[in-house]
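Raw contents of work.pdb, PDB, C-alpha atoms:
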ATOM      1  CA  MET X   1      85.317 171.374  56.197
ATOM      2  CA  ALA X   2      85.734 173.869  59.017
ATOM      3  CA  PRO X   3      89.262 175.068  59.670
ATOM      4  CA  VAL X   4      90.939 173.236  62.508
ATOM      5  CA  ARG X   5      92.682 175.361  65.058
ATOM      6  CA  LYS X   6      96.217 174.275  65.782
ATOM      7  CA  PRO X   7      97.132 173.970  69.437
ATOM      8  CA  GLN X   8      99.304 176.795  70.656
ATOM      9  CA  THR X   9     102.830 176.028  71.673
ATOM     10  CA  VAL X  10     103.320 176.842  75.306
ATOM     11  CA  ASP X  11     106.553 178.153  76.706
ATOM     12  CA  HIS X  12     107.400 176.551  80.011
ATOM     13  CA  SER X  13     109.793 178.348  82.303
ATOM     14  CA  MET X  14     111.809 176.917  85.150
ATOM     15  CA  LEU X  15     110.040 179.177  87.646
ATOM     16  CA  ASN X  16     106.594 178.146  86.386
ATOM     17  CA  GLU X  17     107.531 174.476  86.685
ATOM     18  CA  MET X  18     108.949 174.973  90.188
ATOM     19  CA  LEU X  19     105.752 176.710  91.279
ATOM     20  CA  ALA X  20     103.579 173.993  89.743
ATOM     21  CA  ILE X  21     105.509 171.220  91.495
ATOM     22  CA  ARG X  22     105.464 173.080  94.803
ATOM     23  CA  LEU X  23     101.704 173.728  94.582
ATOM     24  CA  GLN X  24     101.145 170.029  93.949
ATOM     25  CA  GLN X  25     103.180 169.192  97.052
ATOM     26  CA  LEU X  26     101.327 171.748  99.166
ATOM     27  CA  GLU X  27      97.990 170.523  97.867
ATOM     28  CA  VAL X  28      98.757 166.994  99.087
ATOM     29  CA  GLU X  29     100.014 168.323 102.450
ATOM     30  CA  ASN X  30      96.837 170.363 102.896
ATOM     31  CA  GLY X  31      94.298 167.602 102.320
ATOM     32  CA  GLY X  32      93.708 167.808  98.597
ATOM     33  CA  MET X  33      92.617 170.363  96.060
ATOM     34  CA  GLU X  34      89.177 171.153  97.464
ATOM     35  CA  SER X  35      90.555 172.235 100.831
ATOM     36  CA  PHE X  36      93.719 173.783  99.388
ATOM     37  CA  LEU X  37      92.298 175.911  96.558
ATOM     38  CA  PRO X  38      90.417 178.419  98.763
ATOM     39  CA  LYS X  39      93.632 179.108 100.699
ATOM     40  CA  THR X  40      95.397 180.215  97.517
ATOM     41  CA  GLY X  41      92.920 182.992  96.757
ATOM     42  CA  LEU X  42      92.887 181.989  93.090
ATOM     43  CA  ALA X  43      90.048 181.187  90.739
ATOM     44  CA  ARG X  44      89.888 177.509  89.819
ATOM     45  CA  GLY X  45      90.872 178.137  86.178
ATOM     46  CA  THR X  46      93.851 180.271  87.158
ATOM     47  CA  TYR X  47      94.954 177.631  89.645
ATOM     48  CA  TYR X  48      94.757 174.862  87.030
ATOM     49  CA  THR X  49      96.743 176.930  84.550
ATOM     50  CA  ILE X  50      99.501 177.546  87.090
ATOM     51  CA  LEU X  51      99.382 173.916  88.227
ATOM     52  CA  ARG X  52     100.033 172.747  84.656
ATOM     53  CA  GLY X  53     103.107 174.982  84.502
ATOM     54  CA  ILE X  54     101.712 177.073  81.662
ATOM     55  CA  GLY X  55     100.451 180.008  83.671
ATOM     56  CA  ASP X  56     102.561 183.105  83.890
ATOM     57  CA  PRO X  57     101.754 184.285  87.409
ATOM     58  CA  THR X  58     102.886 187.711  88.464
ATOM     59  CA  VAL X  59     104.918 188.231  91.590
ATOM     60  CA  ARG X  60     101.764 189.764  93.108
ATOM     61  CA  THR X  61      99.900 186.506  92.395
ATOM     62  CA  MET X  62     102.661 184.483  94.030
ATOM     63  CA  GLU X  63     102.565 186.852  97.016
ATOM     64  CA  ARG X  64      98.780 186.363  97.281
ATOM     65  CA  ILE X  65      99.156 182.586  97.231
ATOM     66  CA  ALA X  66     101.956 182.704  99.817
ATOM     67  CA  ALA X  67      99.989 185.046 102.089
ATOM     68  CA  GLY X  68      96.968 182.749 101.933
ATOM     69  CA  LEU X  69      99.196 179.886 103.045
ATOM     70  CA  ASN X  70     100.918 181.976 105.743
ATOM     71  CA  MET X  71     104.332 181.674 104.172
ATOM     72  CA  ALA X  72     106.861 183.804 102.343
ATOM     73  CA  VAL X  73     107.163 183.627  98.551
ATOM     74  CA  PHE X  74     110.557 181.988  99.066
ATOM     75  CA  GLU X  75     108.900 179.195 101.035
ATOM     76  CA  LEU X  76     106.193 178.895  98.391
ATOM     77  CA  LEU X  77     108.917 178.201  95.849
ATOM     78  CA  GLY X  78     110.555 175.681  98.166
ATOM     79  CA  PHE X  79     113.366 177.808  99.564
ATOM     80  CA  GLU X  80     114.101 178.413 103.204
ATOM     81  CA  VAL X  81     113.775 181.969 104.513
ATOM     82  CA  SER X  82     117.259 181.534 105.991
ATOM     83  CA  ASP X  83     118.596 181.143 102.426
ATOM     84  CA  ALA X  84     116.911 184.392 101.382
ATOM     85  CA  LYS X  85     118.271 186.161 104.444
ATOM     86  CA  ARG X  86     121.778 184.954 103.661
ATOM     87  CA  ALA X  87     121.526 186.006  99.994
ATOM     88  CA  LEU X  88     120.240 189.477 100.887
ATOM     89  CA  GLN X  89     122.892 189.893 103.565
ATOM     90  CA  LYS X  90     125.581 189.386 100.909
ATOM     91  CA  SER X  91     124.135 192.472  99.186
ATOM     92  CA  GLY X  92     124.021 194.420 102.432
ATOM     93  CA  VAL X  93     120.234 194.191 102.800
ATOM     94  CA  ASP X  94     118.625 193.178 106.089
ATOM     95  CA  TYR X  95     115.764 190.760 105.363
ATOM     96  CA  ASP X  96     113.743 191.701 108.449
ATOM     97  CA  GLU X  97     114.006 195.437 107.736
ATOM     98  CA  LEU X  98     113.010 194.853 104.125
ATOM     99  CA  ALA X  99     110.047 192.677 105.114
ATOM    100  CA  SER X 100     108.941 195.284 107.657
ATOM    101  CA  ALA X 101     109.198 198.116 105.124
ATOM    102  CA  ILE X 102     107.207 196.151 102.553
ATOM    103  CA  ALA X 103     104.500 195.295 105.094
ATOM    104  CA  LYS X 104     104.290 198.954 106.124
ATOM    105  CA  LYS X 105     103.995 200.067 102.497
ATOM    106  CA  ASN X 106     101.290 197.474 101.805
ATOM    107  CA  ARG X 107      99.286 198.637 104.832
ATOM    108  CA  ALA X 108      99.569 202.254 103.671
ATOM    109  CA  ASP X 109      98.501 201.288 100.127
ATOM    110  CA  ARG X 110      95.460 199.445 101.478
ATOM    111  CA  ALA X 111      94.529 202.429 103.676
ATOM    112  CA  VAL X 112      94.724 204.797 100.689
ATOM    113  CA  ALA X 113      92.626 202.404  98.599
ATOM    114  CA  ARG X 114      89.993 202.182 101.369
ATOM    115  CA  GLN X 115      89.853 205.973 101.629
ATOM    116  CA  ALA X 116      89.484 206.314  97.864
ATOM    117  CA  ARG X 117      86.631 203.785  97.828
ATOM    118  CA  SER X 118      84.851 205.474 100.722
ATOM    119  CA  LYS X 119      84.791 208.897  99.067
ATOM    120  CA  LYS X 120      81.737 209.472  96.965
ATOM    121  CA  LEU X 121      82.128 210.941  93.544
ATOM    122  CA  PRO X 122      80.301 214.243  92.917
ATOM    123  CA  ILE X 123      77.132 213.888  90.904
TER
END
Spell out the structure here as structure tokens.
Amino acid sequence: MAPVRKPQTVDHSMLNEMLAIRLQQLEVENGGMESFLPKTGLARGTYYTILRGIGDPTVRTMERIAAGLNMAVFELLGFEVSDAKRALQKSGVDYDELASAIAKKNRADRAVARQARSKKLPI
């Protein structure tokens, strides 16, 4: 008899569950999975893994999903931006300045990446 593979135990985290629930809500609000999935920028398999709460998405992945839905990561997770602003303000950080600095850095990173791709390697 061939050996039977035991199913792997999967660690669920609170954040993964929150993201899965929120994606399910957003999917319904956006007309179902077929119209919602392209907005996330994820492959179908990756989306299903995250939707089941067993994916371990990086912050970059959550940022990509949020950007595709025209929202902040906080909103993607079900928080209001005003809550994030208030929390950052307690630490002396201005949300708008931080968001602007991050956007500027991301634009610069993309410009450098475009330049690197456009340069031909010597033969």
Item to complete: Counting only C-alpha atoms, note down every residue that has an atom within 12 Å of the point (94.3, 183.8, 103.0) (file coordinates), as a list in words.
Response: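 Selection result: Phe36, Leu37, Pro38, Lys39, Thr40, Gly41, Leu42, Glu63, Arg64, Ile65, Ala66, Ala67, Gly68, Leu69, Asn70 and Met71 of chain X.
Residue nearest Asp94 (chain X), chosen from X:Thr46, X:Ser82, X:Thr61, X:Ser35 and counting all atoms listed in the file: X:Ser82.
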Give the padded box for region 80-86 of chain X as lines of an AutoDock Vina configuration file: axis-aligned, covering all atoms listed in the file, 6 Å on each side, centre and edge lengths in Å to one decimal.
center_x = 117.8
center_y = 182.3
center_z = 103.7
size_x = 20.0
size_y = 19.7
size_z = 16.6
Worksheet item: What is the CA of Val28 (chain X) to CA of Pro57 (chain X) distance in Å?
Response: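 Here the two named atoms are 21.1 Å from each other.
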Discussion item. Rounded to one decimal, what separation in Å do you get between CA of Leu15 (chain X) and CA of Ala103 (chain X)?
Written reply: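 Computed distance, CA of Leu15 (chain X) to CA of Ala103 (chain X), equals 24.4 Å.
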Worksheet item: Any idea what's packed within 12 Å of Met18 (chain X), counting all atoms listed in the file, ignoring anything in its chain fewer than 5 positions away? Could you give it as a ChimeraX atom specification?
Response: /X:12-13,23-25,50-55,74-79
I need the chosen residues saved as a tab-separated table (two decimals), keeping the file's coordinate frame, with C-alpha atoms.
chain	number	residue	atom	x	y	z
X	12	HIS	CA	107.40	176.55	80.01
X	13	SER	CA	109.79	178.35	82.30
X	23	LEU	CA	101.70	173.73	94.58
X	24	GLN	CA	101.14	170.03	93.95
X	25	GLN	CA	103.18	169.19	97.05
X	50	ILE	CA	99.50	177.55	87.09
X	51	LEU	CA	99.38	173.92	88.23
X	52	ARG	CA	100.03	172.75	84.66
X	53	GLY	CA	103.11	174.98	84.50
X	54	ILE	CA	101.71	177.07	81.66
X	55	GLY	CA	100.45	180.01	83.67
X	74	PHE	CA	110.56	181.99	99.07
X	75	GLU	CA	108.90	179.20	101.04
X	76	LEU	CA	106.19	178.90	98.39
X	77	LEU	CA	108.92	178.20	95.85
X	78	GLY	CA	110.56	175.68	98.17
X	79	PHE	CA	113.37	177.81	99.56
Discussion item. Would you compute the distance between CA of Leu26 (chain X) and CA of Ala72 (chain X)? Give it in Å to one decimal.
Written reply: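 It comes out at 13.6 Å.
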Worksheet entry | Spatial neighbours of Leu98 (chain X), max dist 12 Å, all atoms listed in the file, sep filter under 6 positions, as a PyMOL selection string | chain X and resi 84-85+88-89+92+104-105
Pull C-alpha atoms from the residues just selected and write them as a PDB file, in the frame of the given file.
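Final output, selection_37.pdb:
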ATOM      1  CA  ALA X  84     116.911 184.392 101.382  1.00  0.00           C
ATOM      2  CA  LYS X  85     118.271 186.161 104.444  1.00  0.00           C
ATOM      3  CA  LEU X  88     120.240 189.477 100.887  1.00  0.00           C
ATOM      4  CA  GLN X  89     122.892 189.893 103.565  1.00  0.00           C
ATOM      5  CA  GLY X  92     124.021 194.420 102.432  1.00  0.00           C
ATOM      6  CA  LYS X 104     104.290 198.954 106.124  1.00  0.00           C
ATOM      7  CA  LYS X 105     103.995 200.067 102.497  1.00  0.00           C
TER       8      LYS X 105
END
